[in-house]
Structure formats: structure tokens, C-alpha cells
$ cat my_file07.csv   # CSV, C-alpha atoms and all ligand atoms
chain,number,residue,atom,x,y,z
A,179,MET,CA,7.7,-93.8,-41.7
A,180,SER,CA,9.4,-95.4,-38.7
A,181,PHE,CA,7.5,-96.9,-35.8
A,182,GLU,CA,8.7,-94.0,-33.6
A,183,SER,CA,7.7,-91.2,-36.0
A,184,SER,CA,4.3,-92.8,-36.7
A,185,ARG,CA,3.7,-93.0,-32.9
A,186,ILE,CA,4.6,-89.3,-32.5
A,187,ALA,CA,2.3,-88.4,-35.4
A,188,GLN,CA,-0.5,-90.4,-33.7
A,189,LEU,CA,0.1,-88.7,-30.4
A,190,LYS,CA,0.0,-85.3,-32.1
A,191,ARG,CA,-3.3,-86.2,-33.7
A,192,MET,CA,-4.8,-87.3,-30.4
A,193,GLN,CA,-3.6,-84.0,-28.8
A,194,ASN,CA,-5.2,-82.1,-31.6
A,195,ARG,CA,-8.5,-83.8,-31.1
A,196,LYS,CA,-8.4,-83.3,-27.4
A,197,GLN,CA,-11.5,-81.4,-26.1
A,198,TYR,CA,-10.4,-78.6,-23.9
A,199,SER,CA,-12.5,-77.0,-21.2
A,200,VAL,CA,-13.2,-73.2,-21.2
A,201,LYS,CA,-10.9,-72.9,-18.2
A,202,GLU,CA,-8.1,-74.8,-20.0
A,203,TYR,CA,-8.5,-72.6,-23.0
A,204,ILE,CA,-8.4,-69.4,-21.0
A,205,GLU,CA,-5.4,-70.5,-18.9
A,206,GLY,CA,-3.5,-71.7,-21.9
A,207,ILE,CA,-4.1,-68.5,-23.9
A,208,ARG,CA,-3.0,-66.4,-20.9
A,209,GLN,CA,0.2,-68.4,-20.7
A,210,GLY,CA,0.8,-67.5,-24.4
A,211,ASN,CA,0.1,-71.0,-25.7
A,212,THR,CA,-0.3,-70.3,-29.4
A,213,GLN,CA,-1.6,-73.7,-30.2
A,214,LEU,CA,-4.6,-73.1,-28.0
A,215,LEU,CA,-4.9,-69.6,-29.2
A,216,SER,CA,-5.1,-70.9,-32.8
A,217,LYS,CA,-7.7,-73.4,-31.8
A,218,ALA,CA,-9.8,-70.8,-30.0
A,219,ILE,CA,-9.7,-68.5,-33.1
A,220,THR,CA,-10.8,-71.5,-35.2
A,221,LEU,CA,-13.8,-71.8,-32.8
A,222,VAL,CA,-14.5,-68.1,-33.1
A,223,GLU,CA,-14.5,-68.4,-36.9
A,224,SER,CA,-16.6,-71.6,-37.0
A,225,SER,CA,-20.0,-71.8,-38.6
A,226,LYS,CA,-21.2,-74.5,-36.1
A,227,PRO,CA,-23.4,-73.1,-33.3
A,228,GLU,CA,-21.8,-75.4,-30.6
A,229,HIS,CA,-18.3,-74.1,-31.5
A,230,HIS,CA,-19.6,-70.5,-31.4
A,231,ALA,CA,-21.1,-71.0,-27.9
A,232,LEU,CA,-17.8,-72.3,-26.6
A,233,ALA,CA,-16.0,-69.5,-28.4
A,234,GLN,CA,-18.2,-66.9,-26.7
A,235,LYS,CA,-17.3,-68.2,-23.3
A,236,ILE,CA,-13.6,-68.2,-24.0
A,237,VAL,CA,-13.7,-64.6,-25.4
A,238,GLU,CA,-15.6,-63.5,-22.3
A,239,GLY,CA,-13.1,-65.1,-20.1
A,240,CYS,CA,-10.2,-63.4,-21.9
A,241,MET,CA,-11.9,-60.0,-22.0
A,242,PRO,CA,-10.5,-58.8,-18.7
A,243,TYR,CA,-7.0,-59.5,-19.9
A,244,SER,CA,-7.4,-57.7,-23.2
A,245,GLY,CA,-6.9,-54.2,-24.4
A,246,ASN,CA,-3.3,-53.7,-23.6
A,247,SER,CA,-2.0,-53.3,-27.2
A,248,ILE,CA,-1.9,-51.0,-30.1
A,249,ARG,CA,-4.2,-52.2,-32.9
A,250,ILE,CA,-3.0,-51.1,-36.3
A,251,GLY,CA,-5.0,-51.5,-39.5
A,252,ILE,CA,-2.8,-51.9,-42.7
A,253,THR,CA,-4.3,-51.5,-46.1
A,254,GLY,CA,-3.4,-50.9,-49.7
A,255,VAL,CA,-4.1,-52.4,-53.1
A,256,PRO,CA,-2.8,-55.8,-54.1
A,257,GLY,CA,0.9,-55.4,-55.2
A,258,VAL,CA,1.6,-52.3,-53.1
A,259,GLY,CA,3.7,-54.5,-50.8
A,260,LYS,CA,1.6,-55.2,-47.8
A,261,SER,CA,3.0,-58.6,-46.9
A,262,THR,CA,6.6,-57.4,-47.6
A,263,PHE,CA,5.9,-54.4,-45.4
A,264,ILE,CA,4.3,-56.4,-42.6
A,265,GLU,CA,7.4,-58.6,-42.6
A,266,ALA,CA,9.7,-55.6,-42.3
A,267,PHE,CA,7.6,-53.5,-40.0
A,268,GLY,CA,6.7,-56.5,-37.8
A,269,THR,CA,10.4,-57.4,-37.5
A,270,HIS,CA,11.1,-53.9,-36.5
A,271,ALA,CA,8.4,-54.0,-33.8
A,272,ILE,CA,9.7,-57.3,-32.5
A,273,LYS,CA,13.2,-55.8,-32.2
A,274,GLN,CA,11.6,-53.2,-29.9
A,275,ASN,CA,10.6,-56.0,-27.6
A,276,HIS,CA,7.0,-56.2,-28.8
A,277,LYS,CA,5.0,-59.4,-29.4
A,278,LEU,CA,3.1,-59.2,-32.7
A,279,ALA,CA,-0.1,-60.8,-33.9
A,280,VAL,CA,-1.1,-60.4,-37.6
A,281,LEU,CA,-4.7,-60.9,-38.5
A,282,ALA,CA,-6.3,-60.4,-41.8
A,283,ILE,CA,-9.7,-59.5,-43.3
A,284,ASP,CA,-10.1,-60.6,-46.9
A,285,PRO,CA,-13.4,-59.6,-48.6
A,286,SER,CA,-12.5,-61.6,-51.7
A,287,SER,CA,-12.3,-64.8,-49.8
A,288,GLN,CA,-16.1,-64.8,-49.8
A,289,VAL,CA,-16.1,-65.1,-53.6
A,290,THR,CA,-13.0,-67.2,-54.1
A,291,LYS,CA,-13.5,-69.2,-50.9
A,292,GLY,CA,-9.7,-68.9,-50.7
A,293,SER,CA,-7.4,-66.7,-48.7
A,294,ILE,CA,-5.2,-64.2,-50.4
A,295,LEU,CA,-4.2,-62.4,-47.2
A,296,GLY,CA,-2.4,-63.4,-44.0
A,297,ASP,CA,-1.0,-66.4,-45.8
A,298,LYS,CA,1.9,-67.9,-43.9
A,299,THR,CA,4.0,-68.5,-46.9
A,300,ARG,CA,4.1,-64.8,-47.7
A,301,MET,CA,5.8,-63.9,-44.4
A,302,LEU,CA,8.4,-66.5,-44.0
A,303,GLU,CA,10.7,-64.6,-41.7
A,304,LEU,CA,8.0,-63.4,-39.3
A,305,SER,CA,6.2,-66.8,-39.2
A,306,ALA,CA,9.5,-68.4,-38.0
A,307,ASN,CA,9.8,-65.8,-35.2
A,308,LYS,CA,8.5,-67.0,-31.8
A,309,ASN,CA,7.3,-63.5,-30.9
A,310,ALA,CA,5.0,-63.3,-34.0
A,311,PHE,CA,1.7,-65.0,-34.5
A,312,ILE,CA,0.3,-65.0,-38.0
A,313,ARG,CA,-3.3,-65.9,-38.7
A,314,PRO,CA,-4.7,-66.3,-42.2
A,315,SER,CA,-8.0,-64.5,-42.9
A,316,PRO,CA,-11.2,-66.2,-41.8
A,317,SER,CA,-13.0,-67.7,-44.7
A,318,THR,CA,-16.6,-67.0,-45.1
A,319,GLY,CA,-19.1,-68.6,-42.7
A,320,ALA,CA,-18.0,-67.4,-39.3
A,321,LEU,CA,-21.3,-67.5,-37.3
A,322,GLY,CA,-21.0,-64.0,-35.9
A,323,GLY,CA,-19.8,-62.5,-39.2
A,324,VAL,CA,-16.2,-61.9,-40.3
A,325,ALA,CA,-15.9,-58.6,-38.6
A,326,ASN,CA,-16.9,-60.0,-35.2
A,327,ALA,CA,-14.6,-62.9,-35.7
A,328,THR,CA,-11.7,-60.5,-36.1
A,329,ARG,CA,-12.7,-58.4,-33.1
A,330,GLU,CA,-12.9,-61.5,-31.0
A,331,SER,CA,-9.5,-62.8,-32.3
A,332,ILE,CA,-8.0,-59.4,-31.3
A,333,ILE,CA,-9.2,-60.0,-27.8
A,334,LEU,CA,-7.8,-63.5,-27.7
A,335,CYS,CA,-4.4,-62.4,-29.1
A,336,GLU,CA,-4.2,-59.6,-26.5
A,337,ALA,CA,-5.0,-62.0,-23.7
A,338,ALA,CA,-2.1,-64.2,-25.0
A,339,GLY,CA,0.3,-61.3,-24.5
A,340,PHE,CA,0.5,-59.9,-28.0
A,341,ASP,CA,0.8,-56.1,-27.6
A,342,VAL,CA,1.0,-55.1,-31.2
A,343,ILE,CA,-1.8,-56.3,-33.5
A,344,PHE,CA,-1.8,-55.8,-37.2
A,345,VAL,CA,-5.1,-56.2,-39.0
A,346,GLU,CA,-4.4,-56.4,-42.7
A,347,THR,CA,-6.9,-55.8,-45.4
A,348,VAL,CA,-6.9,-55.5,-49.2
A,349,GLY,CA,-7.6,-52.0,-50.5
A,350,VAL,CA,-10.7,-52.6,-52.5
A,351,GLY,CA,-13.2,-50.5,-50.5
A,352,GLN,CA,-15.5,-52.9,-48.5
A,353,SER,CA,-13.3,-54.0,-45.7
A,354,GLU,CA,-11.5,-50.8,-44.8
A,355,THR,CA,-14.4,-49.3,-43.0
A,356,MET,CA,-14.8,-52.6,-41.1
A,357,VAL,CA,-11.1,-52.6,-40.1
A,358,HIS,CA,-11.2,-48.9,-39.2
A,359,SER,CA,-14.0,-49.7,-36.8
A,360,MET,CA,-11.7,-52.1,-34.8
A,361,VAL,CA,-8.3,-50.5,-34.8
A,362,ASP,CA,-6.6,-47.6,-33.1
A,363,PHE,CA,-4.4,-46.5,-36.0
A,364,PHE,CA,-5.0,-46.9,-39.7
A,365,LEU,CA,-2.0,-47.1,-42.1
A,366,LEU,CA,-2.5,-46.8,-45.8
A,367,LEU,CA,0.3,-48.0,-48.1
A,368,MET,CA,0.5,-46.3,-51.5
A,369,LEU,CA,2.9,-46.2,-54.5
A,370,ALA,CA,4.5,-43.2,-56.1
A,371,GLY,CA,3.3,-42.0,-59.5
A,372,ALA,CA,0.5,-44.6,-59.9
A,373,GLY,CA,-2.3,-42.1,-59.7
A,374,ASP,CA,-5.1,-42.5,-57.2
A,375,GLU,CA,-7.5,-43.9,-59.7
A,376,LEU,CA,-5.0,-46.5,-60.8
A,377,GLN,CA,-4.4,-47.5,-57.2
A,378,GLY,CA,-8.1,-47.9,-56.8
A,379,ILE,CA,-8.0,-46.0,-53.6
A,380,LYS,CA,-11.2,-44.1,-52.8
A,381,ARG,CA,-10.9,-40.6,-51.3
A,382,GLY,CA,-12.9,-41.9,-48.3
A,383,ILE,CA,-10.1,-44.4,-47.5
A,384,MET,CA,-7.5,-41.7,-47.7
A,385,GLU,CA,-9.5,-39.7,-45.3
A,386,MET,CA,-9.5,-42.6,-42.8
A,387,ALA,CA,-5.7,-42.9,-42.9
A,388,ASP,CA,-3.7,-41.7,-39.8
A,389,THR,CA,-0.6,-42.1,-41.9
A,390,ILE,CA,0.1,-42.8,-45.5
A,391,ALA,CA,3.3,-44.6,-46.3
A,392,ILE,CA,4.6,-44.5,-49.8
A,393,ASN,CA,6.2,-47.8,-50.3
A,394,LYS,CA,8.9,-49.0,-52.8
A,395,ALA,CA,11.0,-45.8,-52.2
A,396,ASP,CA,14.2,-47.5,-53.3
A,397,GLY,CA,16.5,-47.4,-56.4
A,398,ASP,CA,15.2,-45.2,-59.2
A,399,ASN,CA,12.0,-44.7,-57.4
A,400,ILE,CA,13.3,-42.6,-54.5
A,401,LYS,CA,12.8,-39.2,-56.2
A,402,LYS,CA,9.3,-40.0,-57.3
A,403,ALA,CA,8.4,-41.2,-53.8
A,404,LYS,CA,9.6,-38.0,-52.3
A,405,LEU,CA,7.6,-36.0,-54.7
A,406,ALA,CA,4.5,-38.1,-54.1
A,407,ARG,CA,5.1,-37.5,-50.4
A,408,ARG,CA,4.9,-33.8,-50.8
A,409,GLU,CA,1.8,-34.0,-53.0
A,410,TYR,CA,-0.1,-36.3,-50.6
A,411,ALA,CA,0.9,-34.1,-47.6
A,412,ASN,CA,-0.6,-31.1,-49.5
A,413,ALA,CA,-3.7,-33.0,-50.4
A,414,ILE,CA,-4.2,-34.0,-46.7
A,415,HIS,CA,-4.4,-30.4,-45.7
A,416,LEU,CA,-7.5,-30.0,-47.8
A,417,PHE,CA,-9.2,-32.8,-46.0
A,418,PRO,CA,-11.7,-32.0,-43.3
A,419,PRO,CA,-10.1,-31.9,-39.8
A,420,THR,CA,-10.0,-35.3,-38.1
A,421,LYS,CA,-11.9,-36.0,-34.8
A,422,SER,CA,-8.7,-37.0,-33.1
A,423,GLY,CA,-7.1,-33.6,-33.8
A,424,TRP,CA,-4.2,-35.5,-35.4
A,425,ILE,CA,-2.9,-34.3,-38.7
A,426,PRO,CA,-2.2,-37.5,-40.8
A,427,LYS,CA,1.4,-37.9,-41.7
A,428,VAL,CA,3.0,-39.0,-45.0
A,429,GLU,CA,6.2,-41.0,-45.0
A,430,THR,CA,8.2,-42.9,-47.5
A,431,CYS,CA,9.6,-46.4,-47.0
A,432,SER,CA,11.0,-49.4,-48.7
A,433,ALA,CA,9.7,-52.7,-47.3
A,434,ILE,CA,12.2,-54.7,-49.3
A,435,GLU,CA,15.1,-52.7,-47.9
A,436,HIS,CA,13.6,-52.4,-44.5
A,437,SER,CA,14.0,-48.6,-44.6
A,438,GLY,CA,11.7,-46.0,-43.1
A,439,MET,CA,10.3,-48.5,-40.6
A,440,ASP,CA,11.6,-46.5,-37.6
A,441,LYS,CA,10.0,-43.3,-38.8
A,442,ILE,CA,6.6,-45.0,-39.2
A,443,TRP,CA,6.9,-46.7,-35.8
A,444,GLU,CA,7.7,-43.2,-34.3
A,445,THR,CA,4.7,-41.8,-36.0
A,446,ILE,CA,2.4,-44.4,-34.4
A,447,ASP,CA,4.0,-43.7,-31.0
A,448,ALA,CA,3.4,-40.0,-31.5
A,449,TYR,CA,-0.2,-40.7,-32.5
A,450,LYS,CA,-0.7,-42.8,-29.4
A,451,ARG,CA,0.8,-40.0,-27.2
A,452,HIS,CA,-1.3,-37.4,-28.9
A,453,THR,CA,-4.6,-39.2,-28.7
A,454,THR,CA,-4.0,-40.5,-25.1
A,455,ALA,CA,-3.3,-37.0,-24.0
A,456,ASN,CA,-6.5,-35.5,-25.5
A,457,GLY,CA,-8.6,-38.5,-24.5
A,458,TYR,CA,-9.4,-39.6,-28.0
A,459,PHE,CA,-7.7,-43.0,-27.8
A,460,ASN,CA,-10.1,-44.2,-25.1
A,461,LYS,CA,-13.1,-42.4,-26.5
A,462,LYS,CA,-12.5,-44.2,-29.8
A,463,ARG,CA,-12.2,-47.6,-28.1
A,464,ALA,CA,-15.4,-46.9,-26.2
A,465,LYS,CA,-17.2,-46.0,-29.4
A,466,GLN,CA,-15.9,-49.2,-31.0
A,467,ALA,CA,-17.2,-51.2,-28.1
A,468,SER,CA,-20.7,-49.8,-28.6
A,469,GLU,CA,-20.4,-50.5,-32.4
A,470,TRP,CA,-19.4,-54.0,-31.5
A,471,MET,CA,-22.4,-54.4,-29.3
A,472,HIS,CA,-24.7,-53.3,-32.1
A,473,ALA,CA,-23.0,-55.6,-34.6
A,474,THR,CA,-23.4,-58.5,-32.2
A,475,LEU,CA,-27.0,-57.6,-31.5
A,476,LEU,CA,-27.7,-57.6,-35.3
A,477,GLU,CA,-26.1,-61.1,-35.6
A,478,PHE,CA,-28.3,-62.3,-32.7
A,479,LEU,CA,-31.4,-61.0,-34.3
A,480,LYS,CA,-30.5,-62.4,-37.7
A,481,SER,CA,-29.9,-65.9,-36.3
A,482,SER,CA,-33.0,-65.8,-34.1
A,483,PHE,CA,-35.0,-64.8,-37.2
A,484,TYR,CA,-33.7,-67.4,-39.5
A,485,ASN,CA,-33.8,-70.1,-36.9
A,486,ASN,CA,-37.5,-69.4,-36.1
A,487,THR,CA,-39.6,-72.4,-37.1
A,488,ASP,CA,-42.5,-70.2,-38.4
A,489,VAL,CA,-40.1,-68.2,-40.6
A,490,GLN,CA,-38.5,-71.4,-41.8
A,491,SER,CA,-41.7,-73.0,-42.9
A,492,LEU,CA,-42.9,-69.8,-44.7
A,493,LEU,CA,-39.6,-68.7,-46.2
A,494,LYS,CA,-39.4,-71.0,-49.2
A,495,GLU,CA,-42.9,-70.3,-50.3
A,496,ILE,CA,-42.7,-66.5,-50.0
A,497,GLU,CA,-39.4,-66.5,-51.8
A,498,THR,CA,-40.9,-68.4,-54.7
A,499,GLN,CA,-43.8,-65.8,-54.8
A,500,VAL,CA,-41.2,-63.0,-54.9
A,501,THR,CA,-39.2,-64.5,-57.7
A,502,ALA,CA,-42.5,-65.1,-59.6
A,503,GLY,CA,-43.4,-61.5,-59.2
A,504,GLN,CA,-46.6,-62.4,-57.3
A,505,ILE,CA,-45.7,-60.2,-54.3
A,506,ASN,CA,-43.1,-57.5,-54.0
A,507,PRO,CA,-40.0,-57.9,-51.8
A,508,PHE,CA,-41.2,-55.4,-49.2
A,509,GLN,CA,-44.6,-57.2,-48.7
A,510,ALA,CA,-42.7,-60.5,-48.5
A,511,ALA,CA,-40.3,-59.2,-45.9
A,512,SER,CA,-43.2,-57.7,-43.9
A,513,GLN,CA,-45.1,-61.0,-43.9
A,514,LEU,CA,-42.1,-62.9,-42.7
A,515,PHE,CA,-41.3,-60.4,-40.1
A,516,ASP,CA,-44.9,-60.4,-38.8
A,517,SER,CA,-44.8,-64.2,-38.5
A,518,TYR,CA,-41.6,-63.8,-36.5
A,519,LYS,CA,-43.0,-61.2,-34.2
A,520,LYS,CA,-46.0,-63.3,-33.4
A,521,ASP,CA,-43.9,-65.6,-31.3
B,601,LIG,P1,0.7,-57.2,-51.5
B,601,LIG,O1,0.0,-57.8,-52.6
B,601,LIG,O2,0.3,-55.8,-51.2
B,601,LIG,O3,0.8,-58.1,-50.2
B,601,LIG,O4,2.3,-57.1,-52.0
B,601,LIG,P2,3.5,-58.0,-51.8
B,601,LIG,O5,4.2,-57.7,-50.5
B,601,LIG,O6,3.2,-59.4,-52.2
B,601,LIG,O7,4.5,-57.3,-52.9
B,601,LIG,C1,4.2,-57.2,-54.3
B,601,LIG,C2,5.5,-57.1,-55.1
B,601,LIG,O8,6.2,-55.9,-54.8
B,601,LIG,C3,6.5,-58.2,-54.7
B,601,LIG,O9,7.2,-58.6,-55.9
B,601,LIG,C4,7.5,-57.5,-53.8
B,601,LIG,O10,8.8,-58.1,-53.9
B,601,LIG,C5,7.5,-56.1,-54.3
B,601,LIG,N1,7.8,-55.1,-53.2
B,601,LIG,C6,7.2,-55.1,-52.0
B,601,LIG,N2,7.8,-54.1,-51.3
B,601,LIG,C7,8.7,-53.5,-52.1
B,601,LIG,C8,9.6,-52.4,-51.9
B,601,LIG,O11,9.7,-51.8,-50.9
B,601,LIG,N3,10.4,-52.1,-53.0
B,601,LIG,C9,10.4,-52.8,-54.1
B,601,LIG,N4,11.2,-52.4,-55.1
B,601,LIG,N5,9.5,-53.8,-54.3
B,601,LIG,C10,8.7,-54.2,-53.3
$ encode --input "my_file07.csv" --output "C-alpha cells"
Amino acid sequence: MSFESSRIAQLKRMQNRKQYSVKEYIEGIRQGNTQLLSKAITLVESSKPEHHALAQKIVEGCMPYSGNSIRIGITGVPGVGKSTFIEAFGTHAIKQNHKLAVLAIDPSSQVTKGSILGDKTRMLELSANKNAFIRPSPSTGALGGVANATRESIILCEAAGFDVIFVETVGVGQSETMVHSMVDFFLLLMLAGAGDELQGIKRGIMEMADTIAINKADGDNIKKAKLARREYANAIHLFPPTKSGWIPKVETCSAIEHSGMDKIWETIDAYKRHTTANGYFNKKRAKQASEWMHATLLEFLKSSFYNNTDVQSLLKEIETQVTAGQINPFQAASQLFDSYKKD
């Protein structure tokens, strides 16, 4: 490394370590500075209490500048083509003059401690686009929980001027409900002819979808995809009516060939018009705000409980008694809770 490049690397490291004030964060984010946006999201996802306190202040400061976006949840089993689709659909959105942020929730990262979603290397074209911001999924350990970290990241991205937010999740059942509770529109990607059981998609997830897109409708697969589209459209009519009054749509697309993207985008536009006109769009966001409050409250209670000194001094001993079968779990929990309430 030459003297010049090592000097630049050193300056970069110093810049990275620089401690920013809450005001600098908020101003930087509002100006669309993605480096500060990334740093703020890292704070939101941190397991350190001091980071979390700073993150809370930044999120609060950004809150008045948030909300002006369409939040789209995207799910489907591994292999259905989510990252290829996000690349194609995201590029389409950017061509319509939107700024796109891609966030991810990955329940498996709690087990593997790795990230299989939102990985930059999977979306090469998008990650090189200055109007796109791609954030890998938070690993386990976010102080306020993974769901709250994602909610807060949405706020930060919106304050930074991103007006289309994708929240990607893997279709295995746990995270869909979580994502559904933080987005305006829920898109389910499926494949033709794989059978619902094979695709591991539970009926409950299909019922949450505002649109089902049958991906890989290309080559020999086009006919099968069209057939599947009719079958799913028929199945949807048997579902209970949605609260939004919106009848979920079924479309076909090919993420690899970038086809069908305009149709899906139009569907989202139509959904937004429909739910804005009947008041559901705002009602849903208001309900989500109240859910967020409850989720945050639960996190506060949990950390207050586990940080309580009386609880901490009792916990180990009572845990040992439970595993030894000396007291039952309910009695144990009651004892711990009583010692917490005493304070
Ligand atoms: P993910 O696991 O859901 O994110 O799926 P990927 O985007 O990684 O795609 C899985 C595989 O399906 C890859 O080999 C892709 O090239 C392929 N694939 C994705 N979309 C399409 C499509 O529209 N048509 C075809 N033929 N293959 C696709």
C-alpha cells in the first residue's frame, strides 16, 4: 500500500470512529447521507444499552419526517426468487423516480447467527444504484427486539427520503406476521405447480397477501404459471373478506426477465388508491402505531424486570429449583415476579 492510500485508509477509519451528536445524525439522515443512515441503523440494532439510548433519540428526531412512503412486505420460500425479484422490481420502482430502501427480517439468523437475507452480494445491480439502499437483516441481539429494530429502521429510511420501502422475509411462518404488522402492502411470491404444501406456505400467510405473484413465468413455465394464476384467483374468492375491502390480486411475473413488474407496481398503486379512499390506509398505520407502542412497552418491562437487582440475585437459584423439579415453573415465575413488584 502506498503512503497516500494508507493515509486515506487511516482518515476513513478515523471518520468511521467519529462520534456524532444526535443533531448531526438527524441532519445527516435528512440530507440523505447513507453512511450516517447505516450507522444509525447499527445503533438501532445494537445490544448495548448506551447505543440504544442514542438510537431512541435519533429515531424520535426523525419521526416527524417519516411516513411518506409505501411500505411493502415481500415474502416467499427460499428459492422462489425473492432477491432476483427485488432486484427487478426495485429497478422498476427506481425508474419511476422513486428512492428505494430494502430491509430484511430473517428469523433463521437467530439460529445460524448469519444472514441469509438482504445480503448485498445477492442484489448487485441494485446495490450499485445510488437511489437504492440495501440493508442486511439485523442479527439477533437488538435490544428492542428484531421487529422494533426494523420498525425504527423504516422511520430512519423514510426520513432520509426513501419513499419505497421493501421489507423482505423468508416464508417460513414466524416472521410474516411480524412483517405484516409493519407494512402497508403484503406481496407473496409463489411458484407454479409446486403445491402449497411443497412451498411450505401456510394458508394464514396466503390470507395475509394483498397480491400473490407467481414468479418464474418464463420459458416452458409460462403455461403452468397462467394456470396457477387462475387456480389461486379462484381460491382467494373462498377466503374471508379482507378488512381493507380489497380483493387480493394474482399476477404472474419473471424476475429474471424483468417481466410483469409494471403490472405488480400498478396493483400496488391501485391498492393505495383504494385504501386511501376508504380510509383503511391510515387506519392500518394507526393500528400499527398502537401495536408498536405495546411491543415497545413489553420490551421496557422485560428489560426492567431482568435488570432488577432482586430478580437477578434470585433468578439463578430459582432456575436451579425448576430444573431439579423442586418447584413448578408457574410458582417460580410468580416468586420472581413478586420480588420484582416489591420495588
Ligand atoms: P430467494 O432464495 O427467494 O431469494 O431466491 P433467488 O432470487 O436467490 O433465486 C433462486 C433461484 O431461482 C436462482 O437460481 C435464480 O436465478 C432463479 N430465479 C429467480 N427468479 C427467476 C425467474 O423469474 N425465472 C427463472 N427461470 N428463474 C428464476
$ closest_residue --input "my_file07.csv" --among "A:Met360, A:Val280, A:Ile390, A:Ile204" --to "Pro242 in chain A" --atoms "only C-alpha atoms"
A:Ile204
$ residues_around --input "my_file07.csv" --residues "range 269-275 of chain A" --least-positions-apart "4" --cutoff "7 Å" --atoms "all atoms listed in the file" --output "PyMOL selection string"
chain A and resi 265+304+309+439
$ write_last_selection --input "my_file07.csv" --atoms "C-alpha atoms" --output "PDB file, in the coordinates of the input"
ATOM      1  CA  GLU A 265       7.400 -58.600 -42.600  1.00  0.00           C
ATOM      2  CA  LEU A 304       8.000 -63.400 -39.300  1.00  0.00           C
ATOM      3  CA  ASN A 309       7.300 -63.500 -30.900  1.00  0.00           C
ATOM      4  CA  MET A 439      10.300 -48.500 -40.600  1.00  0.00           C
TER       5      MET A 439
END
$ atom_distance --input "my_file07.csv" --atom1 "CA of Asn307 in chain A" --atom2 "CA of His436 in chain A"
16.7 Å
$ closest_residue --input "my_file07.csv" --among "A:Met356, A:Leu492, A:Ile442, A:Ala218" --to "Ile283 in chain A" --atoms "only C-alpha atoms"
A:Met356
$ closest_atom_pairs --input "my_file07.csv" --of "chain A" --to "ligand LIG 601 (chain B)" --cutoff "10 Å" --atoms "all atoms listed in the file" --output "tab-separated table"
residue	atom	partner	partner_atom	distance
A:Ile252	CA	B:LIG601	O2	9.9
A:Thr253	CA	B:LIG601	O2	8.1
A:Gly254	CA	B:LIG601	O2	6.3
A:Val255	CA	B:LIG601	O2	5.9
A:Pro256	CA	B:LIG601	O1	3.8
A:Gly257	CA	B:LIG601	O1	3.7
A:Val258	CA	B:LIG601	O2	4.2
A:Gly259	CA	B:LIG601	O4	3.2
A:Lys260	CA	B:LIG601	O2	3.7
A:Ser261	CA	B:LIG601	O5	3.9
A:Thr262	CA	B:LIG601	O5	3.8
A:Phe263	CA	B:LIG601	N2	6.2
A:Ile264	CA	B:LIG601	O5	8.0
A:Glu265	CA	B:LIG601	O5	8.6
A:Ala266	CA	B:LIG601	N2	9.3
A:Ile294	CA	B:LIG601	O1	8.5
A:Leu295	CA	B:LIG601	O3	7.2
A:Gly296	CA	B:LIG601	O3	8.8
A:Asp297	CA	B:LIG601	O3	9.6
A:Arg300	CA	B:LIG601	O6	7.1
A:Met301	CA	B:LIG601	O5	8.8
A:Glu346	CA	B:LIG601	O3	9.3
A:Thr347	CA	B:LIG601	O2	9.2
A:Val348	CA	B:LIG601	O2	7.5
A:Gly349	CA	B:LIG601	O2	8.8
A:Leu367	CA	B:LIG601	O2	8.4
A:Met368	CA	B:LIG601	O2	9.5
A:Leu369	CA	B:LIG601	C8	9.5
A:Ile392	CA	B:LIG601	O11	9.0
A:Asn393	CA	B:LIG601	O11	5.3
A:Lys394	CA	B:LIG601	N3	3.4
A:Ala395	CA	B:LIG601	O11	6.3
A:Asp396	CA	B:LIG601	N3	6.0
A:Gly397	CA	B:LIG601	N4	7.4
A:Asp398	CA	B:LIG601	N4	9.2
A:Asn399	CA	B:LIG601	N4	8.1
A:Thr430	CA	B:LIG601	O11	9.6
A:Cys431	CA	B:LIG601	O11	6.7
A:Ser432	CA	B:LIG601	O11	3.5
A:Ala433	CA	B:LIG601	O11	3.7
A:Ile434	CA	B:LIG601	O11	4.1
A:Glu435	CA	B:LIG601	O11	6.2
A:His436	CA	B:LIG601	O11	7.5
A:Ser437	CA	B:LIG601	O11	8.3
A:Gly438	CA	B:LIG601	O11	9.9
$ atom_distance --input "my_file07.csv" --atom1 "CA of Thr487 in chain A" --atom2 "CA of Gln513 in chain A"
14.4 Å
$ atom_distance --input "my_file07.csv" --atom1 "CA of Thr389 in chain A" --atom2 "CA of Tyr449 in chain A"
9.5 Å
$ closest_residue --input "my_file07.csv" --among "A:Glu182, A:Glu202, A:Asp388, A:Asp521" --to "Leu215 in chain A" --atoms "all atoms listed in the file"
A:Glu202
$ residues_around --input "my_file07.csv" --residues "Gln213 in chain A" --least-positions-apart "4" --cutoff "12 Å" --atoms "only C-alpha atoms" --output "ChimeraX atom specification"
/A:190,193-194,198,203,206-209,217-220,311-313,335,338
$ closest_residue --input "my_file07.csv" --among "A:Leu232, A:Ala370, A:Tyr484, A:Thr212" --to "Lys308 in chain A" --atoms "all atoms listed in the file"
A:Thr212
$ residues_around --input "my_file07.csv" --residues "Met386 in chain A" --least-positions-apart "3" --cutoff "7 Å" --atoms "all atoms listed in the file" --output "MDAnalysis selection string"
chainID A and resid 364 382:383
$ closest_residue --input "my_file07.csv" --among "A:Gly245, A:Gly239, A:Pro507, A:Pro227" --to "Glu336 in chain A" --atoms "all atoms listed in the file"
A:Gly245
